[in-house]
Structure formats: C-alpha cells, structure tokens
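Student: Below is input34.cif; it holds mmCIF, C-alpha atoms.
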```
data_work
loop_
_atom_site.label_atom_id
_atom_site.label_comp_id
_atom_site.auth_asym_id
_atom_site.auth_seq_id
_atom_site.Cartn_x
_atom_site.Cartn_y
_atom_site.Cartn_z
CA MET C 3 102.02 115.18 81.57
CA THR C 4 103.36 112.59 84.01
CA LYS C 5 100.87 111.56 86.68
CA THR C 6 101.74 111.02 90.33
CA ILE C 7 101.22 107.98 92.54
CA ALA C 8 101.32 109.16 96.16
CA LEU C 9 102.64 106.43 98.44
CA ILE C 10 101.80 107.73 101.89
CA ASP C 11 104.71 107.52 104.32
CA TYR C 12 103.29 107.78 107.85
CA GLY C 13 105.71 105.36 109.49
CA SER C 14 103.42 102.32 109.30
CA GLY C 15 104.04 100.59 105.99
CA ASN C 16 106.39 98.50 103.90
CA LEU C 17 107.33 101.45 101.72
CA ARG C 18 110.45 100.16 100.02
CA SER C 19 108.85 96.97 98.66
CA ALA C 20 105.67 98.78 97.63
CA SER C 21 107.57 101.57 95.90
CA LYS C 22 109.79 99.11 94.01
CA ALA C 23 106.78 97.07 92.88
CA PHE C 24 104.95 100.12 91.51
CA GLU C 25 108.11 101.41 89.84
CA HIS C 26 108.71 98.01 88.24
CA VAL C 27 105.21 97.93 86.74
CA ILE C 28 105.46 101.53 85.52
CA ALA C 29 108.72 100.75 83.72
CA ALA C 30 107.58 97.37 82.35
CA GLU C 31 104.29 98.78 81.01
CA ASP C 32 105.81 102.12 79.93
CA LEU C 33 103.18 104.03 81.91
CA ASP C 34 103.36 107.78 82.35
CA TYR C 35 103.47 107.74 86.15
CA ARG C 36 105.99 108.42 88.86
CA VAL C 37 105.93 107.30 92.49
CA ASN C 38 106.27 109.95 95.19
CA LEU C 39 106.73 109.13 98.86
CA VAL C 40 104.40 111.60 100.55
CA THR C 41 104.70 112.76 104.15
CA THR C 42 102.60 115.96 104.13
CA ALA C 43 99.07 116.98 103.25
CA ALA C 44 100.42 119.53 100.78
CA ASP C 45 102.25 116.85 98.78
CA LEU C 46 99.26 114.52 98.92
CA ALA C 47 97.06 117.23 97.40
CA LEU C 48 99.06 116.99 94.15
CA ALA C 49 98.55 113.25 93.65
CA ASP C 50 96.56 111.61 90.85
CA LYS C 51 96.33 108.20 92.57
CA ILE C 52 96.91 107.33 96.22
CA VAL C 53 98.34 104.24 97.94
CA LEU C 54 98.06 103.76 101.71
CA PRO C 55 100.18 100.87 103.04
CA GLY C 56 100.01 99.65 106.62
CA GLN C 57 101.65 97.25 109.04
CA GLY C 58 101.01 96.81 112.74
CA ALA C 59 97.97 97.30 114.95
CA PHE C 60 94.84 99.07 113.68
CA GLY C 61 94.70 101.65 116.49
CA ASP C 62 98.39 102.52 116.27
CA CYS C 63 98.23 103.02 112.49
CA MET C 64 95.12 105.18 112.78
CA GLN C 65 96.68 107.29 115.51
CA THR C 66 99.83 107.81 113.45
CA LEU C 67 97.80 108.81 110.41
CA GLN C 68 95.87 111.31 112.51
CA SER C 69 99.09 112.78 113.86
CA VAL C 70 100.16 114.12 110.45
CA ASP C 71 98.73 117.63 110.24
CA GLY C 72 95.88 117.89 107.74
CA LEU C 73 96.52 114.47 106.19
CA ILE C 74 93.13 112.86 106.80
CA ALA C 75 91.26 116.00 105.71
CA THR C 76 93.26 116.05 102.48
CA LEU C 77 92.70 112.33 101.98
CA GLU C 78 88.95 112.85 102.32
CA GLU C 79 89.02 115.76 99.89
CA LYS C 80 91.04 113.84 97.31
CA VAL C 81 89.32 110.46 97.60
CA LEU C 82 85.74 111.17 98.68
CA HIS C 83 85.17 114.44 96.84
CA ARG C 84 87.62 114.56 93.93
CA LYS C 85 87.37 110.78 93.41
CA ALA C 86 91.10 110.06 93.11
CA PRO C 87 91.64 106.27 92.79
CA PHE C 88 92.77 104.89 96.16
CA PHE C 89 94.52 101.63 97.06
CA GLY C 90 94.81 100.53 100.71
CA ILE C 91 97.18 97.65 101.47
CA CYS C 92 96.84 95.32 104.51
CA VAL C 93 96.18 97.60 107.52
CA GLY C 94 95.83 100.41 104.98
CA MET C 95 92.74 98.54 103.78
CA GLN C 96 91.50 97.80 107.30
CA LEU C 97 91.54 101.50 108.18
CA LEU C 98 88.75 101.99 105.62
CA ALA C 99 86.32 100.33 108.05
CA ASP C 100 84.09 102.06 110.59
CA GLN C 101 86.08 100.57 113.46
CA GLY C 102 88.68 97.99 114.40
CA HIS C 103 88.65 95.60 117.37
CA GLU C 104 92.37 95.16 117.94
CA HIS C 105 93.56 95.97 121.50
CA GLY C 106 90.26 97.75 122.15
CA ILE C 107 87.82 99.43 119.81
CA HIS C 108 89.22 102.13 117.55
CA LYS C 109 87.49 104.35 115.03
CA GLY C 110 88.53 103.96 111.40
CA LEU C 111 88.12 106.21 108.37
CA GLY C 112 84.57 104.92 107.80
CA TRP C 113 84.80 104.93 104.01
CA ILE C 114 83.51 101.36 103.60
CA PRO C 115 80.89 100.12 106.08
CA GLY C 116 82.20 97.32 108.26
CA GLU C 117 84.41 96.27 111.15
CA VAL C 118 87.84 94.72 111.51
CA VAL C 119 87.54 91.63 113.71
CA PRO C 120 89.85 88.81 114.84
CA LEU C 121 90.38 85.80 112.61
CA GLN C 122 88.78 82.71 114.13
CA LYS C 123 90.83 79.54 114.66
CA THR C 124 88.31 77.11 113.17
CA SER C 125 90.71 74.15 113.04
CA PRO C 126 93.80 73.01 114.98
CA ASP C 127 95.66 72.93 111.66
CA LEU C 128 95.14 76.65 111.03
CA LYS C 129 97.57 79.09 112.55
CA ILE C 130 96.89 82.65 113.62
CA PRO C 131 98.30 84.91 112.28
CA HIS C 132 97.36 83.79 108.80
CA MET C 133 100.75 83.92 107.12
CA GLY C 134 101.46 82.60 103.64
CA TRP C 135 100.06 82.10 100.17
CA ASN C 136 96.36 81.77 99.33
CA ASP C 137 94.30 81.84 96.18
CA ILE C 138 91.79 84.65 96.06
CA LEU C 139 88.30 83.99 94.75
CA PRO C 140 86.44 86.80 92.97
CA ASP C 141 83.08 87.89 94.39
CA GLN C 142 82.67 90.43 91.57
CA PRO C 143 84.41 88.69 88.66
CA ASP C 144 83.40 91.35 86.14
CA HIS C 145 85.08 94.19 88.03
CA PHE C 146 87.95 95.80 86.12
CA LEU C 147 90.41 95.20 88.97
CA LEU C 148 89.80 91.43 88.76
CA ARG C 149 90.03 91.19 84.97
CA THR C 150 93.38 89.37 85.11
CA ILE C 151 92.62 87.29 88.19
CA LYS C 152 89.31 85.81 87.02
CA SER C 153 90.95 84.10 84.05
CA ALA C 154 94.37 83.50 85.60
CA SER C 155 96.20 80.30 86.38
CA ASN C 156 96.54 79.29 90.02
CA LEU C 157 99.97 80.93 90.25
CA GLU C 158 98.59 84.22 89.02
CA ARG C 159 95.79 84.38 91.59
CA ASN C 160 97.94 83.34 94.54
CA PHE C 161 98.70 86.19 96.97
CA TYR C 162 100.74 86.62 100.14
CA PHE C 163 98.89 87.29 103.43
CA VAL C 164 100.16 88.27 106.88
CA HIS C 165 97.37 89.17 109.32
CA SER C 166 95.47 88.24 112.47
CA PHE C 167 92.40 90.43 111.84
CA MET C 168 90.03 90.65 108.89
CA PHE C 169 87.67 93.19 107.36
CA GLN C 170 84.04 92.18 107.82
CA CYS C 171 82.00 94.12 105.26
CA LYS C 172 78.56 95.28 106.30
CA GLU C 173 77.39 95.36 102.69
CA ARG C 174 77.97 92.35 100.44
CA GLU C 175 78.59 94.62 97.46
CA ASN C 176 81.78 95.94 99.03
CA GLN C 177 83.52 92.54 99.17
CA LEU C 178 85.41 92.27 95.90
CA ALA C 179 87.20 88.97 96.59
CA HIS C 180 87.79 86.49 99.39
CA ALA C 181 90.13 83.72 100.47
CA GLU C 182 89.29 80.50 102.29
CA TYR C 183 91.14 80.07 105.58
CA GLY C 184 88.76 78.09 107.74
CA GLN C 185 86.21 80.80 106.96
CA ASN C 186 85.41 83.32 104.26
CA VAL C 187 88.18 85.91 104.70
CA THR C 188 87.74 89.21 102.91
CA ALA C 189 90.71 89.53 100.57
CA ALA C 190 89.73 92.72 98.74
CA VAL C 191 87.16 95.48 99.16
CA VAL C 192 85.87 98.13 96.79
CA ARG C 193 83.53 101.09 96.81
CA ASP C 194 83.45 103.41 93.79
CA ASN C 195 87.05 104.71 93.47
CA ILE C 196 88.20 103.11 96.74
CA PHE C 197 90.01 99.76 96.64
CA GLY C 198 91.88 97.74 99.25
CA THR C 199 93.52 94.35 99.70
CA GLN C 200 94.23 92.36 102.84
CA PHE C 201 97.13 90.65 101.09
CA HIS C 202 100.39 92.31 100.04
CA PRO C 203 100.56 92.74 96.25
CA GLU C 204 104.13 94.00 96.54
CA LYS C 205 105.13 90.60 97.99
CA SER C 206 102.96 88.49 95.67
CA GLN C 207 105.23 88.16 92.65
CA VAL C 208 103.44 87.78 89.29
CA ALA C 209 99.92 88.04 90.71
CA GLY C 210 100.74 91.16 92.69
CA LEU C 211 102.42 92.92 89.77
CA ASN C 212 99.42 92.14 87.56
CA LEU C 213 97.07 93.65 90.13
CA ILE C 214 99.20 96.79 90.49
CA ARG C 215 99.16 97.14 86.71
CA ASP C 216 95.37 96.90 86.67
CA PHE C 217 95.09 99.49 89.45
CA LEU C 218 97.29 101.90 87.48
CA ARG C 219 95.06 101.44 84.42
CA TRP C 220 91.82 101.67 86.44
CA VAL C 221 89.53 104.59 85.70
CA PRO C 222 86.65 104.30 88.22
#
```
Write out the structure in this file as structure tokens.

Tutor:
Amino acid sequence: MTKTIALIDYGSGNLRSASKAFEHVIAAEDLDYRVNLVTTAADLALADKIVLPGQGAFGDCMQTLQSVDGLIATLEEKVLHRKAPFFGICVGMQLLADQGHEHGIHKGLGWIPGEVVPLQKTSPDLKIPHMGWNDILPDQPDHFLLRTIKSASNLERNFYFVHSFMFQCKERENQLAHAEYGQNVTAAVVRDNIFGTQFHPEKSQVAGLNLIRDFLRWVP
C-alpha cells in the first residue's frame, strides 16, 4: 500500500521546490510513497510522514499555522502521540522551539526545548542574513539521518542556507549537526521521530536529495 508524505501548505513555504525534490527521490529510489499537498487537518490525519516547510518571520508563520482549523492539534496527535516521522525545513524547523525572538517574542510548538535567536555578526566579513552554501558538521555522526553525510565528500555535505535567526537548543542531545558561520550555528535538530534542518534540502542539489532519501527510509 502506497504511503503518504504530507507536505503542509499553510502559505508559508517553498512548496513547489520541496514537492519536486521529494518526488524526484521517490522516483529515483523506486519508493512506495506519494506526495500530497495538505491544507486541512483531515488530510493531515491520513499521512504516514509529515513535512513542514517555512519561509518568512517566525511569528507570522506560527500565526498562519494556528489559523488553519484543527491543524496544530492534528499535528500533535500525529507526531507526538502516533510518532509519525516529521521533517521541518527552515522556519518549519524553527517553529519546533519553545519561542522565537523575531519582531518580538512568539510562542512556538515547543516540541524541542530551545529558542530561536538572531545570528550574531562576529566579523565584518560575515553578512546577515546568512545566505549561501556551507558544510554541515555532524554532532551525532552515528544517527541514521547522517549516515550519508558523515562519510560524504565535501560536495555531498554542502547545503544551502538562507536565514537571519538560528535555533539555540537547550539540550545538547537535540543538536544533530551544525555549521560554522562565525559561531556554531545549529544546522539540524532531532528528538525521537522529530527532525528539522535550518538549511533547504530542496535547494541543496546532491546533498539535499541524499538527505531526503534518508528521511524517507528513516524508521525512528
């Protein structure tokens, strides 16, 4: 029976690129999945795996997510209680935090302890927003989701970032990988069946497609 990847469409994500990237991997790996763009709690309830993209400001994305009737309650049921594998991308990852400090303080989903704080300009040579390609460095190299990255060439661990804020994990065990950009920048977080990346795998060519493949094969 074909399984469903729910790509949540709440008006705050790069849906076309993300959908195409997942569909490409599914076809290339001959995986028994299909991608559904989901706009309602009822459709989300049918998903086997869930992807939450995000672009824009933390508070705006959270407010938009909350505006979809029953969506957050269904997300919590699927992810926290039924343990559906979850993948948050960019702001979709940041929303996992307890709160974000962008244009005020805004409450997040609170699934992974931590806060989303501004990137610090530690050198005149570094630009904010952080925009471009960076290697990611595993903090938990034995984790299944990093199995390709830990032994990859530089090209295959190079990912595309666009952000001015970063996830600051409260617990060290939740930081899966980081990048160096004048400071230790959280690049990926994990907690049980919950996974998120600050970078955009759908824009990261070979490395991004490899990571999407590993997420689709992940059984937390």

Student: Give me, as a Markdown table, the closest atom pair and its distance (Å, one decimal) for every residue of stretch 50-169 of chain C within a cut-off of 9 Å of stretch 12-15 of chain C, counting all atoms listed in the file, rows sorted by chain and rising number.

Tutor:
```
| residue | atom | partner | partner_atom | distance |
| --- | --- | --- | --- | --- |
| C:Leu54 | CA | C:Gly15 | CA | 8.0 |
| C:Pro55 | CA | C:Gly15 | CA | 4.9 |
| C:Gly56 | CA | C:Gly15 | CA | 4.2 |
| C:Gln57 | CA | C:Gly15 | CA | 5.1 |
| C:Gly58 | CA | C:Ser14 | CA | 6.9 |
| C:Asp62 | CA | C:Ser14 | CA | 8.6 |
| C:Cys63 | CA | C:Ser14 | CA | 6.1 |
| C:Thr66 | CA | C:Tyr12 | CA | 6.6 |
| C:Leu67 | CA | C:Tyr12 | CA | 6.1 |
| C:Ser69 | CA | C:Tyr12 | CA | 8.9 |
| C:Val70 | CA | C:Tyr12 | CA | 7.5 |
| C:Ile91 | CA | C:Gly15 | CA | 8.7 |
| C:Val93 | CA | C:Gly15 | CA | 8.5 |
| C:Gly94 | CA | C:Gly15 | CA | 8.3 |
```

Student: Which is closest to C:Val119 among C:Met95, C:Ile138, C:Met168, C:Met64, if we use only C-alpha atoms?

Tutor: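 For C:Val119, the nearest of the candidates is C:Met168.
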
Student: What do you get, as a VMD selection string, if you spell out every residue that the PyMOL selection byres ((chain C and resi 96) around 12) selects here?

Tutor: chain C and resid 54 to 61 63 to 64 89 to 95 97 to 104 108 to 120 165 to 171 188 to 192 197 to 201

Student: Output C-alpha atoms for every residue in the selection just made, as a compact mmCIF listing (two decimals), in the frame of the given file.

Tutor:
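Result saved to part_9.txt:
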```
# COMPACT_ATOMS: atom_id res chain seq x y z
CA LEU C 54 98.06 103.76 101.71
CA PRO C 55 100.18 100.87 103.04
CA GLY C 56 100.01 99.65 106.62
CA GLN C 57 101.65 97.25 109.04
CA GLY C 58 101.01 96.81 112.74
CA ALA C 59 97.97 97.30 114.95
CA PHE C 60 94.84 99.07 113.68
CA GLY C 61 94.70 101.65 116.49
CA CYS C 63 98.23 103.02 112.49
CA MET C 64 95.12 105.18 112.78
CA PHE C 89 94.52 101.63 97.06
CA GLY C 90 94.81 100.53 100.71
CA ILE C 91 97.18 97.65 101.47
CA CYS C 92 96.84 95.32 104.51
CA VAL C 93 96.18 97.60 107.52
CA GLY C 94 95.83 100.41 104.98
CA MET C 95 92.74 98.54 103.78
CA LEU C 97 91.54 101.50 108.18
CA LEU C 98 88.75 101.99 105.62
CA ALA C 99 86.32 100.33 108.05
CA ASP C 100 84.09 102.06 110.59
CA GLN C 101 86.08 100.57 113.46
CA GLY C 102 88.68 97.99 114.40
CA HIS C 103 88.65 95.60 117.37
CA GLU C 104 92.37 95.16 117.94
CA HIS C 108 89.22 102.13 117.55
CA LYS C 109 87.49 104.35 115.03
CA GLY C 110 88.53 103.96 111.40
CA LEU C 111 88.12 106.21 108.37
CA GLY C 112 84.57 104.92 107.80
CA TRP C 113 84.80 104.93 104.01
CA ILE C 114 83.51 101.36 103.60
CA PRO C 115 80.89 100.12 106.08
CA GLY C 116 82.20 97.32 108.26
CA GLU C 117 84.41 96.27 111.15
CA VAL C 118 87.84 94.72 111.51
CA VAL C 119 87.54 91.63 113.71
CA PRO C 120 89.85 88.81 114.84
CA HIS C 165 97.37 89.17 109.32
CA SER C 166 95.47 88.24 112.47
CA PHE C 167 92.40 90.43 111.84
CA MET C 168 90.03 90.65 108.89
CA PHE C 169 87.67 93.19 107.36
CA GLN C 170 84.04 92.18 107.82
CA CYS C 171 82.00 94.12 105.26
CA THR C 188 87.74 89.21 102.91
CA ALA C 189 90.71 89.53 100.57
CA ALA C 190 89.73 92.72 98.74
CA VAL C 191 87.16 95.48 99.16
CA VAL C 192 85.87 98.13 96.79
CA PHE C 197 90.01 99.76 96.64
CA GLY C 198 91.88 97.74 99.25
CA THR C 199 93.52 94.35 99.70
CA GLN C 200 94.23 92.36 102.84
CA PHE C 201 97.13 90.65 101.09
```

Student: Here is a test: counting only C-alpha atoms, which residue of C:Leu211, C:Leu128, C:Leu48, C:Val53 is nearest to C:Pro87?

Tutor: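 Closest residue, counting only C-alpha atoms: C:Val53.
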
Student: Where does the PyMOL selection byres ((chain C and resi 135) around 8) land in this file, that is, which residues does it pick, as an NGL selection string?

Tutor: :C and (133-134 or 136-137 or 160-163)

Student: For stretch 77-85 of chain C, work out the shell of residues within 7 Å, counting only C-alpha atoms and skipping chain neighbours fewer than 4 positions away, then give it as a list in words.

Tutor: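 In the requested format, the answer is Ala47, Leu73 and Asn195 of chain C.
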
Student: Could you check which of C:Gly210, C:His202, C:Ala44, C:Gln177 is closest to C:Asn16, using all atoms listed in the file?

Tutor: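 Distance minimum relative to C:Asn16 lands on C:His202.
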
Student: I'd like to know which of C:Ala20, C:Leu147, C:Val187, C:Leu9 is closest to C:Trp220, using only C-alpha atoms.

Tutor: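 Of C:Ala20, C:Leu147, C:Val187, C:Leu9, the one nearest C:Trp220 is C:Leu147, counting only C-alpha atoms.
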
Student: Point out the residue among C:Ala30, C:Ser206, C:Pro143, C:Arg193 with the least atom-to-atom distance to C:Phe88, counting only C-alpha atoms.

Tutor: C:Arg193

Student: When you count all atoms listed in the file, which of these residues is closest to C:Arg36: C:Pro131, C:Leu218, C:Ile196, C:Arg18?

Tutor: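 Under the stated criterion, the closest residue is C:Leu218.
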
Student: By how many Å are atom CA of C:Asp34 and atom CA of C:His145 apart?

Tutor: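 Atom-to-atom, atom CA of C:Asp34 to atom CA of C:His145, that is 23.5 Å.
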